[in-house]
>>> print(open('my_file.cif').read())   # mmCIF, C-alpha atoms and all ligand atoms
data_target
loop_
_atom_site.label_atom_id
_atom_site.label_comp_id
_atom_site.auth_asym_id
_atom_site.auth_seq_id
_atom_site.Cartn_x
_atom_site.Cartn_y
_atom_site.Cartn_z
CA MET A 119 -147.47 36.78 -190.09
CA GLN A 120 -147.24 40.05 -188.08
CA GLN A 121 -145.85 39.65 -184.59
CA GLN A 122 -148.92 41.34 -183.07
CA GLN A 123 -151.21 38.65 -184.50
CA ILE A 124 -148.93 35.92 -183.15
CA PHE A 125 -148.83 37.42 -179.64
CA ASP A 126 -152.61 38.02 -179.62
CA ALA A 127 -153.33 34.41 -180.59
CA LEU A 128 -150.87 33.08 -177.99
CA TRP A 129 -152.32 35.34 -175.28
CA HIS A 130 -155.89 34.27 -176.04
CA GLN A 131 -154.94 30.58 -175.86
CA TYR A 132 -152.85 31.12 -172.68
CA LEU A 133 -155.75 32.78 -170.81
CA LYS A 134 -157.95 29.71 -171.33
CA VAL A 135 -155.72 27.59 -169.10
CA THR A 136 -154.16 30.41 -167.03
CA PRO A 137 -157.07 32.42 -165.59
CA SER A 138 -154.76 34.00 -163.00
CA ALA A 139 -153.03 35.99 -165.78
CA GLN A 140 -156.05 38.26 -166.31
CA ALA A 141 -156.41 38.85 -162.56
CA ILE A 142 -152.69 39.59 -162.24
CA HIS A 143 -153.01 42.25 -164.96
CA GLN A 144 -155.71 43.94 -162.89
CA LEU A 145 -153.67 43.63 -159.70
CA LEU A 146 -150.43 45.05 -161.14
CA GLY A 147 -151.74 47.38 -163.84
CA HIS A 148 -154.78 48.86 -162.02
CA GLY A 149 -156.41 48.99 -165.44
CA HIS A 150 -153.33 50.37 -167.26
CA GLU A 151 -151.83 48.44 -170.13
CA ILE A 152 -149.23 45.83 -169.12
CA ILE A 153 -146.08 45.58 -171.26
CA ASN A 154 -144.68 42.06 -171.59
CA ASP A 155 -140.93 41.51 -171.44
CA HIS A 156 -140.96 38.09 -173.09
CA ILE A 157 -142.86 34.89 -173.66
CA ALA A 158 -141.53 31.33 -173.70
CA LEU A 159 -142.23 28.36 -175.96
CA ARG A 160 -141.21 24.72 -175.59
CA THR A 161 -140.56 21.90 -178.06
CA LEU A 162 -138.50 18.73 -178.63
CA ASN A 163 -135.30 18.48 -180.69
CA LEU A 164 -136.82 15.75 -182.90
CA PRO A 165 -136.40 16.15 -186.70
CA GLY A 166 -138.56 19.01 -187.97
CA MET A 167 -139.60 20.01 -184.42
CA GLY A 168 -136.52 21.81 -183.03
CA GLU A 169 -136.56 25.28 -181.51
CA ALA A 170 -135.21 26.83 -184.71
CA VAL A 171 -138.31 25.60 -186.59
CA LEU A 172 -140.51 27.61 -184.19
CA GLY A 173 -137.99 30.47 -184.20
CA GLN A 174 -138.30 30.80 -187.97
CA HIS A 175 -141.82 32.23 -187.57
CA PHE A 176 -140.37 35.02 -185.43
CA ILE A 177 -137.49 35.62 -187.86
CA ASP A 178 -140.15 35.93 -190.58
CA ALA A 179 -141.84 38.56 -188.37
CA GLY A 180 -138.63 40.63 -188.10
CA PHE A 181 -136.91 39.10 -185.05
CA LYS A 182 -133.26 38.01 -184.95
CA GLN A 183 -132.00 34.89 -183.22
CA ALA A 184 -129.89 36.02 -180.22
CA ASP A 185 -127.90 34.20 -177.50
CA ALA A 186 -127.93 30.44 -176.93
CA TYR A 187 -128.37 28.81 -173.50
CA HIS A 188 -127.72 25.26 -172.32
CA PHE A 189 -129.27 23.56 -169.30
CA GLU A 190 -127.29 20.41 -168.78
CA SER A 191 -129.17 18.72 -165.95
CA LYS A 192 -132.59 19.39 -167.53
CA LYS A 193 -131.24 18.32 -170.98
CA LEU A 194 -132.49 21.54 -172.59
CA ARG A 195 -131.11 23.99 -175.09
CA ALA A 196 -132.57 27.40 -175.92
CA HIS A 197 -132.22 30.59 -177.91
CA TYR A 198 -133.99 33.86 -177.50
CA TYR A 199 -135.28 35.99 -180.34
CA LEU A 200 -135.10 39.76 -180.26
CA HIS A 201 -137.13 42.32 -182.25
CA PRO A 202 -135.53 45.67 -183.19
CA ASP A 203 -138.51 47.49 -181.61
CA PRO A 204 -137.79 47.39 -177.84
CA LYS A 205 -141.53 47.48 -177.04
CA VAL A 206 -142.01 44.06 -178.70
CA PRO A 207 -141.67 41.13 -176.25
CA LYS A 208 -138.66 38.85 -176.66
CA VAL A 209 -139.28 35.16 -177.33
CA PHE A 210 -137.40 32.44 -175.40
CA ILE A 211 -137.62 29.09 -177.19
CA SER A 212 -136.26 25.91 -175.63
CA GLU A 213 -136.04 22.33 -176.84
CA LEU A 214 -135.63 19.06 -174.96
CA CYS A 215 -132.68 16.93 -176.14
CA VAL A 216 -134.68 13.74 -176.58
CA ASP A 217 -131.55 11.81 -177.62
CA LEU A 218 -130.21 12.24 -174.06
CA LEU A 219 -133.27 10.65 -172.41
CA SER A 220 -133.63 6.98 -171.49
CA GLU A 221 -134.48 4.48 -174.25
CA GLN A 222 -137.92 3.95 -172.67
CA THR A 223 -138.79 7.66 -172.67
CA GLN A 224 -137.53 8.07 -176.23
CA ALA A 225 -139.76 5.15 -177.28
CA LEU A 226 -142.73 6.61 -175.41
CA LEU A 227 -142.35 10.02 -177.10
CA ALA A 228 -141.97 8.31 -180.50
CA LYS A 229 -145.21 6.37 -179.85
CA LEU A 230 -147.14 9.51 -178.85
CA LEU A 231 -145.92 11.42 -181.93
CA GLN A 232 -146.13 8.58 -184.47
CA ASN A 233 -149.05 10.20 -186.35
CA PHE A 234 -147.96 13.80 -185.79
CA ASP A 235 -147.06 15.40 -189.10
CA VAL A 236 -144.19 17.85 -188.56
CA LYS A 237 -145.17 19.65 -191.78
CA CYS A 238 -147.69 21.63 -189.70
CA LEU A 239 -144.72 23.38 -188.05
CA SER A 240 -144.16 25.39 -191.21
CA GLU A 241 -147.33 27.42 -190.47
CA PRO A 242 -147.11 30.12 -187.76
CA SER A 243 -150.47 28.92 -186.39
CA VAL A 244 -148.68 25.83 -185.04
CA LEU A 245 -147.39 28.10 -182.25
CA TRP A 246 -150.85 28.13 -180.64
CA SER A 247 -152.07 24.75 -181.92
CA GLY A 248 -151.95 22.98 -178.55
CA ARG A 249 -151.64 19.20 -178.53
CA ALA A 250 -152.31 17.33 -181.79
CA TRP A 251 -151.80 13.83 -180.33
CA GLU A 252 -153.50 11.60 -177.76
CA ILE A 253 -151.86 10.84 -174.43
CA SER A 254 -152.99 8.66 -171.52
CA PHE A 255 -152.59 9.77 -167.91
CA THR A 256 -150.36 6.72 -167.37
CA ASP A 257 -147.98 7.85 -170.12
CA TYR A 258 -148.05 11.41 -168.74
CA GLN A 259 -147.00 10.10 -165.32
CA ALA A 260 -144.27 7.95 -166.87
CA LEU A 261 -142.84 11.05 -168.57
CA LEU A 262 -143.07 13.06 -165.31
CA ASN A 263 -140.75 10.54 -163.67
CA GLU A 264 -137.95 11.40 -166.06
CA SER A 265 -138.57 14.94 -167.27
CA GLU A 266 -141.17 17.44 -166.04
CA TYR A 267 -140.56 19.33 -169.28
CA ALA A 268 -141.31 16.27 -171.45
CA ALA A 269 -144.54 15.65 -169.52
CA TRP A 270 -145.63 19.29 -169.79
CA PHE A 271 -144.97 19.39 -173.53
CA ALA A 272 -146.65 16.02 -174.17
CA ALA A 273 -149.77 17.14 -172.26
CA TRP A 274 -150.09 20.75 -173.48
CA GLY A 275 -148.35 20.80 -176.87
CA TYR A 276 -147.70 24.10 -178.60
CA ARG A 277 -148.66 27.21 -176.63
CA ALA A 278 -146.98 30.00 -174.69
CA ASN A 279 -145.67 28.48 -171.50
CA HIS A 280 -145.65 31.91 -169.81
CA PHE A 281 -145.92 35.60 -170.44
CA THR A 282 -143.67 37.94 -168.42
CA VAL A 283 -144.61 41.33 -167.00
CA ASN A 284 -142.00 44.00 -167.75
CA VAL A 285 -141.63 45.38 -164.20
CA ASN A 286 -139.53 48.39 -165.37
CA GLN A 287 -142.66 49.61 -167.19
CA LEU A 288 -145.13 49.14 -164.31
CA PRO A 289 -146.31 52.59 -163.16
CA ASN A 290 -147.17 51.64 -159.56
CA PHE A 291 -144.21 49.46 -158.54
CA ASP A 292 -140.55 50.39 -157.99
CA SER A 293 -139.10 46.95 -157.29
CA LEU A 294 -139.63 43.26 -157.89
CA GLU A 295 -139.97 42.81 -154.09
CA GLN A 296 -143.01 45.09 -154.16
CA VAL A 297 -144.53 43.10 -157.02
CA ASN A 298 -143.95 39.83 -155.15
CA THR A 299 -145.49 41.27 -151.98
CA ALA A 300 -148.62 42.31 -153.88
CA LEU A 301 -148.88 38.89 -155.53
CA LYS A 302 -148.55 37.03 -152.23
CA ALA A 303 -151.05 39.34 -150.50
CA ALA A 304 -153.52 38.45 -153.27
CA GLY A 305 -152.96 34.74 -152.58
CA TYR A 306 -150.63 33.75 -155.42
CA GLN A 307 -147.94 31.18 -154.71
CA LEU A 308 -144.49 32.02 -156.06
CA ASN A 309 -141.83 29.67 -157.35
CA VAL A 310 -139.30 29.77 -154.47
CA GLY A 311 -136.59 27.60 -156.11
CA GLY A 312 -133.32 29.54 -155.90
CA GLY A 313 -135.13 32.18 -153.80
CA GLU A 314 -138.26 34.18 -154.63
CA ILE A 315 -136.09 36.53 -156.70
CA LYS A 316 -133.79 34.82 -159.17
CA GLY A 317 -130.83 36.86 -160.38
CA SER A 318 -129.71 40.27 -159.06
CA PRO A 319 -128.81 43.79 -160.22
CA GLU A 320 -125.22 42.47 -160.68
CA VAL A 321 -126.34 40.05 -163.43
CA LEU A 322 -128.61 42.85 -164.76
CA LEU A 323 -131.81 40.81 -164.45
CA GLU A 324 -134.14 39.94 -161.56
CA GLN A 325 -136.99 37.49 -162.15
CA SER A 326 -139.80 35.89 -160.17
CA ALA A 327 -142.68 33.65 -161.23
CA THR A 328 -145.96 32.27 -159.96
CA LEU A 329 -146.43 28.53 -159.71
CA ALA A 330 -148.43 27.39 -162.73
CA ASP A 331 -152.22 27.41 -162.50
CA GLU A 332 -153.86 23.99 -162.45
CA ALA A 333 -156.19 23.17 -165.32
CA ARG A 334 -158.34 20.17 -166.21
CA ILE A 335 -157.41 18.36 -169.39
CA SER A 336 -158.63 15.25 -171.15
CA PHE A 337 -156.24 12.36 -171.25
CA SER A 338 -157.28 9.37 -173.37
CA ASP A 339 -158.28 7.44 -170.23
CA ALA A 340 -159.64 10.17 -167.92
CA GLU A 341 -159.72 13.89 -167.10
CA HIS A 342 -157.19 15.28 -164.63
CA GLU A 343 -156.05 18.62 -163.25
CA ILE A 344 -152.39 19.25 -163.95
CA PRO A 345 -150.10 22.31 -163.89
CA SER A 346 -150.75 24.51 -166.93
CA CYS A 347 -148.96 27.84 -167.40
CA PHE A 348 -147.55 30.53 -165.12
CA TYR A 349 -146.82 34.26 -165.08
CA GLU A 350 -143.30 35.65 -164.76
CA PHE A 351 -142.06 39.11 -163.67
CA ALA A 352 -138.79 40.58 -164.88
CA ARG A 353 -136.87 43.71 -163.91
CA ARG A 354 -133.88 44.64 -166.09
CA TYR A 355 -130.87 46.82 -165.24
CA PRO A 356 -128.64 48.92 -167.52
CA ASN A 357 -125.25 47.61 -168.68
CA ASP A 358 -122.07 49.71 -168.82
CA SER A 359 -123.23 51.55 -171.91
CA GLY A 360 -126.45 52.55 -170.13
CA LYS A 361 -128.74 50.27 -172.14
CA LEU A 362 -131.06 47.81 -170.38
CA TYR A 363 -129.69 44.26 -170.58
CA GLN A 364 -131.86 42.28 -172.99
CA GLY A 365 -130.55 38.73 -172.51
CA PHE A 366 -131.38 35.99 -170.03
CA VAL A 367 -129.45 34.44 -167.09
CA ALA A 368 -128.95 30.68 -167.35
CA ALA A 369 -128.92 29.99 -163.59
CA SER A 370 -132.20 31.88 -163.17
CA ALA A 371 -133.84 30.33 -166.22
CA ASP A 372 -132.96 26.89 -164.84
CA GLN A 373 -135.18 27.68 -161.84
CA ILE A 374 -137.97 29.30 -163.87
CA PHE A 375 -138.47 26.08 -165.88
CA SER A 376 -139.64 24.43 -162.63
CA SER A 377 -142.65 26.76 -162.33
CA THR A 378 -144.71 24.11 -164.17
CA ASN A 379 -143.71 21.31 -161.76
CA ALA A 380 -146.40 19.62 -159.69
CA ARG A 381 -146.94 21.53 -156.40
C1 LIG B 401 -138.58 28.82 -169.90
C2 LIG B 401 -137.81 29.11 -168.63
C3 LIG B 401 -136.77 30.22 -168.79
C4 LIG B 401 -136.60 32.76 -168.35
O1 LIG B 401 -137.19 33.84 -168.38
O2 LIG B 401 -135.45 32.63 -167.90
C5 LIG B 401 -137.36 31.58 -168.85
C6 LIG B 401 -139.67 27.80 -169.74
O3 LIG B 401 -140.11 27.55 -168.61
O4 LIG B 401 -140.10 27.26 -170.76
O5 LIG B 401 -138.45 31.79 -169.25
NI NI B 402 -139.25 33.58 -168.84
#
>>> encode(input="my_file.cif", output="structure tokens", more="lines below")
Ligand code: OOG
Ligand code: NI
Amino acid sequence: MQQQQIFDALWHQYLKVTPSAQAIHQLLGHGHEIINDHIALRTLNLPGMGEAVLGQHFIDAGFKQADAYHFESKKLRAHYYLHPDPKVPKVFISELCVDLLSEQTQALLAKLLQNFDVKCLSEPSVLWSGRAWEISFTDYQALLNESEYAAWFAAWGYRANHFTVNVNQLPNFDSLEQVNTALKAAGYQLNVGGGEIKGSPEVLLEQSATLADEARISFSDAEHEIPSCFYEFARRYPNDSGKLYQGFVAASADQIFSSTNAR
């Protein structure tokens, strides 16, 4: 499948639970087109569900798998995928190392996914398929106790976790500080973990993110509002050869993951 079709489907699905994204486009773009730097996807490292299985759909669309990242305390691993056309957003795909979780949480995830057929992951449409299993609010809360990431994935399933505005390409803003100021003036709450701006010109990447919107979803026992998806903002700096750095920064990414935590 063409990458444009994949990004369009992911964007459409993301807007349904992240209404702030459309308003943020208006606020930052003043009606001009917004260029996205990257999107992020989440999965589990269970057989047939690992990040490389999702990544394959991007490799099929002309991307290459790039650097690996490891987040020890969150028990996550990730790769990003890069397209030769610099205007195409990068794709950051992480997976939770389920084998490192407690026995109880492993058993709970196995119960939730017992009827989930991993064969559906061979179709690119899985990327925006949402959740194909039932989950109770009680089980969601049990997962939250051990891993915010596990709870988010179990509740929301396959979707873009965030899109990321490419701040270098924004016509009306010269810095990430200015973007953050505009967001806060419009009432958006930012993820302040590790500071409002994660990273620095020295590591060639500065990032900030909103706290996830809250959206109502149906659990098997009741409906509840929980954190959905967020918007990120990235400003890149040139490396020694004068090219904009295209990778990620592990210490910053570690903080960005928390944008879907409960407020
Ligand atoms: C991914 C967090 C990392 C970045 O830009 O460093 C990230 C996630 O929350 O799934 O997106
Ligand atoms: Ni990101």
>>> closest_atom_pairs(input="my_file.cif", of="chain A", to="ligand LIG 401 (chain B)", cutoff="10 Å", atoms="only C-alpha atoms and all ligand atoms", output="JSON lines")
{"residue": "A:Asp155", "atom": "CA", "partner": "B:LIG401", "partner_atom": "O1", "distance": 9.1}
{"residue": "A:His156", "atom": "CA", "partner": "B:LIG401", "partner_atom": "O1", "distance": 7.4}
{"residue": "A:Ile157", "atom": "CA", "partner": "B:LIG401", "partner_atom": "O5", "distance": 7.0}
{"residue": "A:Ala158", "atom": "CA", "partner": "B:LIG401", "partner_atom": "O4", "distance": 5.2}
{"residue": "A:Leu159", "atom": "CA", "partner": "B:LIG401", "partner_atom": "O4", "distance": 5.7}
{"residue": "A:Arg160", "atom": "CA", "partner": "B:LIG401", "partner_atom": "O4", "distance": 5.6}
{"residue": "A:Thr161", "atom": "CA", "partner": "B:LIG401", "partner_atom": "O4", "distance": 9.1}
{"residue": "A:Tyr187", "atom": "CA", "partner": "B:LIG401", "partner_atom": "C3", "distance": 9.7}
{"residue": "A:Leu194", "atom": "CA", "partner": "B:LIG401", "partner_atom": "O4", "distance": 9.7}
{"residue": "A:Ala196", "atom": "CA", "partner": "B:LIG401", "partner_atom": "C1", "distance": 8.6}
{"residue": "A:Tyr198", "atom": "CA", "partner": "B:LIG401", "partner_atom": "C5", "distance": 9.6}
{"residue": "A:Lys208", "atom": "CA", "partner": "B:LIG401", "partner_atom": "O1", "distance": 9.8}
{"residue": "A:Val209", "atom": "CA", "partner": "B:LIG401", "partner_atom": "O5", "distance": 8.8}
{"residue": "A:Phe210", "atom": "CA", "partner": "B:LIG401", "partner_atom": "O5", "distance": 6.3}
{"residue": "A:Ile211", "atom": "CA", "partner": "B:LIG401", "partner_atom": "O4", "distance": 7.1}
{"residue": "A:Ser212", "atom": "CA", "partner": "B:LIG401", "partner_atom": "O4", "distance": 6.3}
{"residue": "A:Glu213", "atom": "CA", "partner": "B:LIG401", "partner_atom": "O4", "distance": 8.8}
{"residue": "A:Tyr267", "atom": "CA", "partner": "B:LIG401", "partner_atom": "O4", "distance": 8.1}
{"residue": "A:Trp270", "atom": "CA", "partner": "B:LIG401", "partner_atom": "O4", "distance": 9.7}
{"residue": "A:Phe271", "atom": "CA", "partner": "B:LIG401", "partner_atom": "O4", "distance": 9.7}
{"residue": "A:Ala278", "atom": "CA", "partner": "B:LIG401", "partner_atom": "O4", "distance": 8.4}
{"residue": "A:Asn279", "atom": "CA", "partner": "B:LIG401", "partner_atom": "O4", "distance": 5.7}
{"residue": "A:His280", "atom": "CA", "partner": "B:LIG401", "partner_atom": "O3", "distance": 7.2}
{"residue": "A:Phe281", "atom": "CA", "partner": "B:LIG401", "partner_atom": "O5", "distance": 8.5}
{"residue": "A:Thr282", "atom": "CA", "partner": "B:LIG401", "partner_atom": "O1", "distance": 7.7}
{"residue": "A:Lys316", "atom": "CA", "partner": "B:LIG401", "partner_atom": "O2", "distance": 9.2}
{"residue": "A:Gly317", "atom": "CA", "partner": "B:LIG401", "partner_atom": "O2", "distance": 9.8}
{"residue": "A:Leu323", "atom": "CA", "partner": "B:LIG401", "partner_atom": "O2", "distance": 9.6}
{"residue": "A:Glu324", "atom": "CA", "partner": "B:LIG401", "partner_atom": "O1", "distance": 9.6}
{"residue": "A:Gln325", "atom": "CA", "partner": "B:LIG401", "partner_atom": "O1", "distance": 7.2}
{"residue": "A:Ser326", "atom": "CA", "partner": "B:LIG401", "partner_atom": "O1", "distance": 8.9}
{"residue": "A:Ala327", "atom": "CA", "partner": "B:LIG401", "partner_atom": "O1", "distance": 9.0}
{"residue": "A:Cys347", "atom": "CA", "partner": "B:LIG401", "partner_atom": "O3", "distance": 8.9}
{"residue": "A:Phe348", "atom": "CA", "partner": "B:LIG401", "partner_atom": "O3", "distance": 8.7}
{"residue": "A:Tyr349", "atom": "CA", "partner": "B:LIG401", "partner_atom": "O5", "distance": 9.7}
{"residue": "A:Glu350", "atom": "CA", "partner": "B:LIG401", "partner_atom": "O1", "distance": 7.3}
{"residue": "A:Phe351", "atom": "CA", "partner": "B:LIG401", "partner_atom": "O1", "distance": 8.6}
{"residue": "A:Ala352", "atom": "CA", "partner": "B:LIG401", "partner_atom": "O1", "distance": 7.8}
{"residue": "A:Gly365", "atom": "CA", "partner": "B:LIG401", "partner_atom": "O2", "distance": 9.1}
{"residue": "A:Phe366", "atom": "CA", "partner": "B:LIG401", "partner_atom": "O2", "distance": 5.7}
{"residue": "A:Val367", "atom": "CA", "partner": "B:LIG401", "partner_atom": "O2", "distance": 6.3}
{"residue": "A:Ala368", "atom": "CA", "partner": "B:LIG401", "partner_atom": "O2", "distance": 6.8}
{"residue": "A:Ala369", "atom": "CA", "partner": "B:LIG401", "partner_atom": "O2", "distance": 8.3}
{"residue": "A:Ser370", "atom": "CA", "partner": "B:LIG401", "partner_atom": "O2", "distance": 5.8}
{"residue": "A:Ala371", "atom": "CA", "partner": "B:LIG401", "partner_atom": "O2", "distance": 3.3}
{"residue": "A:Asp372", "atom": "CA", "partner": "B:LIG401", "partner_atom": "C3", "distance": 6.4}
{"residue": "A:Gln373", "atom": "CA", "partner": "B:LIG401", "partner_atom": "C2", "distance": 7.4}
{"residue": "A:Ile374", "atom": "CA", "partner": "B:LIG401", "partner_atom": "C2", "distance": 4.8}
{"residue": "A:Phe375", "atom": "CA", "partner": "B:LIG401", "partner_atom": "O3", "distance": 3.5}
{"residue": "A:Ser376", "atom": "CA", "partner": "B:LIG401", "partner_atom": "O3", "distance": 6.8}
{"residue": "A:Ser377", "atom": "CA", "partner": "B:LIG401", "partner_atom": "O3", "distance": 6.8}
{"residue": "A:Thr378", "atom": "CA", "partner": "B:LIG401", "partner_atom": "O3", "distance": 7.3}
{"residue": "A:Asn379", "atom": "CA", "partner": "B:LIG401", "partner_atom": "O3", "distance": 9.9}
>>> write_last_selection(input="my_file.cif", atoms="C-alpha atoms", output="short mmCIF file (atom, residue, chain, number, x, y, z; two decimals), in the frame of the given file")
data_model
loop_
_atom_site.label_atom_id
_atom_site.label_comp_id
_atom_site.auth_asym_id
_atom_site.auth_seq_id
_atom_site.Cartn_x
_atom_site.Cartn_y
_atom_site.Cartn_z
CA ASP A 155 -140.93 41.51 -171.44
CA HIS A 156 -140.96 38.09 -173.09
CA ILE A 157 -142.86 34.89 -173.66
CA ALA A 158 -141.53 31.33 -173.70
CA LEU A 159 -142.23 28.36 -175.96
CA ARG A 160 -141.21 24.72 -175.59
CA THR A 161 -140.56 21.90 -178.06
CA TYR A 187 -128.37 28.81 -173.50
CA LEU A 194 -132.49 21.54 -172.59
CA ALA A 196 -132.57 27.40 -175.92
CA TYR A 198 -133.99 33.86 -177.50
CA LYS A 208 -138.66 38.85 -176.66
CA VAL A 209 -139.28 35.16 -177.33
CA PHE A 210 -137.40 32.44 -175.40
CA ILE A 211 -137.62 29.09 -177.19
CA SER A 212 -136.26 25.91 -175.63
CA GLU A 213 -136.04 22.33 -176.84
CA TYR A 267 -140.56 19.33 -169.28
CA TRP A 270 -145.63 19.29 -169.79
CA PHE A 271 -144.97 19.39 -173.53
CA ALA A 278 -146.98 30.00 -174.69
CA ASN A 279 -145.67 28.48 -171.50
CA HIS A 280 -145.65 31.91 -169.81
CA PHE A 281 -145.92 35.60 -170.44
CA THR A 282 -143.67 37.94 -168.42
CA LYS A 316 -133.79 34.82 -159.17
CA GLY A 317 -130.83 36.86 -160.38
CA LEU A 323 -131.81 40.81 -164.45
CA GLU A 324 -134.14 39.94 -161.56
CA GLN A 325 -136.99 37.49 -162.15
CA SER A 326 -139.80 35.89 -160.17
CA ALA A 327 -142.68 33.65 -161.23
CA CYS A 347 -148.96 27.84 -167.40
CA PHE A 348 -147.55 30.53 -165.12
CA TYR A 349 -146.82 34.26 -165.08
CA GLU A 350 -143.30 35.65 -164.76
CA PHE A 351 -142.06 39.11 -163.67
CA ALA A 352 -138.79 40.58 -164.88
CA GLY A 365 -130.55 38.73 -172.51
CA PHE A 366 -131.38 35.99 -170.03
CA VAL A 367 -129.45 34.44 -167.09
CA ALA A 368 -128.95 30.68 -167.35
CA ALA A 369 -128.92 29.99 -163.59
CA SER A 370 -132.20 31.88 -163.17
CA ALA A 371 -133.84 30.33 -166.22
CA ASP A 372 -132.96 26.89 -164.84
CA GLN A 373 -135.18 27.68 -161.84
CA ILE A 374 -137.97 29.30 -163.87
CA PHE A 375 -138.47 26.08 -165.88
CA SER A 376 -139.64 24.43 -162.63
CA SER A 377 -142.65 26.76 -162.33
CA THR A 378 -144.71 24.11 -164.17
CA ASN A 379 -143.71 21.31 -161.76
#
>>> atom_distance(input="my_file.cif", atom1="atom CA of A:Gly313", atom2="atom CA of A:Pro345")
20.6 Å
>>> atom_distance(input="my_file.cif", atom1="atom CA of A:Arg354", atom2="atom CA of A:Leu145")
20.8 Å
>>> atom_distance(input="my_file.cif", atom1="atom CA of A:Leu128", atom2="atom CA of A:Ala141")
17.4 Å
>>> closest_residue(input="my_file.cif", among="A:Ala186, A:Ala228, A:Leu172, A:Leu329", to="A:Gly305", atoms="only C-alpha atoms")
A:Leu329
>>> closest_residue(input="my_file.cif", among="A:Lys192, A:Ser346, A:Ala127, A:Asn284", to="ligand NI 402 (chain B)", atoms="all atoms listed in the file")
A:Asn284
>>> residues_around(input="my_file.cif", residues="A:Leu261", least_positions_apart="5", cutoff="9 Å", atoms="only C-alpha atoms", output="number ranges by chain")
A: 223, 226-227, 256, 266-270, 272
>>> write_last_selection(input="my_file.cif", atoms="C-alpha atoms", output="PDB file, keeping the file's coordinate frame")
ATOM      1  CA  THR A 223    -138.790   7.660-172.670  1.00  0.00           C
ATOM      2  CA  LEU A 226    -142.730   6.610-175.410  1.00  0.00           C
ATOM      3  CA  LEU A 227    -142.350  10.020-177.100  1.00  0.00           C
ATOM      4  CA  THR A 256    -150.360   6.720-167.370  1.00  0.00           C
ATOM      5  CA  GLU A 266    -141.170  17.440-166.040  1.00  0.00           C
ATOM      6  CA  TYR A 267    -140.560  19.330-169.280  1.00  0.00           C
ATOM      7  CA  ALA A 268    -141.310  16.270-171.450  1.00  0.00           C
ATOM      8  CA  ALA A 269    -144.540  15.650-169.520  1.00  0.00           C
ATOM      9  CA  TRP A 270    -145.630  19.290-169.790  1.00  0.00           C
ATOM     10  CA  ALA A 272    -146.650  16.020-174.170  1.00  0.00           C
TER      11      ALA A 272
END
>>> closest_residue(input="my_file.cif", among="A:Pro204, A:Leu239, A:Glu264, A:Glu190", to="A:Gln222", atoms="only C-alpha atoms")
A:Glu264
>>> closest_residue(input="my_file.cif", among="A:Ser318, A:Gln259, A:Thr328, A:Asn357", to="A:Val297", atoms="all atoms listed in the file")
A:Thr328
>>> residues_near_point(input="my_file.cif", point="(-137.0, 16.5, -177.8)", cutoff="9 Å", atoms="all atoms listed in the file", output="ChimeraX atom specification")
/A:161-165,167-168,194,213-219,224,227,268
>>> write_last_selection(input="my_file.cif", atoms="C-alpha atoms", output="PDB file, in the frame of the given file")
ATOM      1  CA  THR A 161    -140.560  21.900-178.060  1.00  0.00           C
ATOM      2  CA  LEU A 162    -138.500  18.730-178.630  1.00  0.00           C
ATOM      3  CA  ASN A 163    -135.300  18.480-180.690  1.00  0.00           C
ATOM      4  CA  LEU A 164    -136.820  15.750-182.900  1.00  0.00           C
ATOM      5  CA  PRO A 165    -136.400  16.150-186.700  1.00  0.00           C
ATOM      6  CA  MET A 167    -139.600  20.010-184.420  1.00  0.00           C
ATOM      7  CA  GLY A 168    -136.520  21.810-183.030  1.00  0.00           C
ATOM      8  CA  LEU A 194    -132.490  21.540-172.590  1.00  0.00           C
ATOM      9  CA  GLU A 213    -136.040  22.330-176.840  1.00  0.00           C
ATOM     10  CA  LEU A 214    -135.630  19.060-174.960  1.00  0.00           C
ATOM     11  CA  CYS A 215    -132.680  16.930-176.140  1.00  0.00           C
ATOM     12  CA  VAL A 216    -134.680  13.740-176.580  1.00  0.00           C
ATOM     13  CA  ASP A 217    -131.550  11.810-177.620  1.00  0.00           C
ATOM     14  CA  LEU A 218    -130.210  12.240-174.060  1.00  0.00           C
ATOM     15  CA  LEU A 219    -133.270  10.650-172.410  1.00  0.00           C
ATOM     16  CA  GLN A 224    -137.530   8.070-176.230  1.00  0.00           C
ATOM     17  CA  LEU A 227    -142.350  10.020-177.100  1.00  0.00           C
ATOM     18  CA  ALA A 268    -141.310  16.270-171.450  1.00  0.00           C
TER      19      ALA A 268
END
>>> closest_residue(input="my_file.cif", among="A:Phe291, A:Phe181, A:Tyr355, A:Phe255", to="A:Leu146", atoms="only C-alpha atoms")
A:Phe291
>>> closest_residue(input="my_file.cif", among="A:Ser240, A:Gln121, A:Gln307, A:Asn290", to="A:Gly147", atoms="only C-alpha atoms")
A:Asn290
>>> residues_around(input="my_file.cif", residues="A:Glu295", least_positions_apart="3", cutoff="8 Å", atoms="only C-alpha atoms", output="list in words")
Asn298, Thr299 and Ile315 of chain A
>>> build_atoms(input="my_file.cif", residues="stretch 122-126 of chain A", atoms="N, CA and C atoms", output="compact mmCIF listing (two decimals), keeping the file's coordinate frame")
# COMPACT_ATOMS: atom_id res chain seq x y z
N GLN A 122 -147.77 41.03 -183.93
CA GLN A 122 -148.92 41.34 -183.07
C GLN A 122 -149.99 40.25 -183.14
N GLN A 123 -150.21 39.73 -184.34
CA GLN A 123 -151.21 38.65 -184.50
C GLN A 123 -150.76 37.39 -183.76
N ILE A 124 -149.45 37.10 -183.83
CA ILE A 124 -148.93 35.92 -183.15
C ILE A 124 -149.12 36.07 -181.64
N PHE A 125 -148.71 37.24 -181.09
CA PHE A 125 -148.83 37.42 -179.64
C PHE A 125 -150.30 37.42 -179.19
N ASP A 126 -151.19 38.01 -180.00
CA ASP A 126 -152.61 38.02 -179.62
C ASP A 126 -153.17 36.60 -179.56
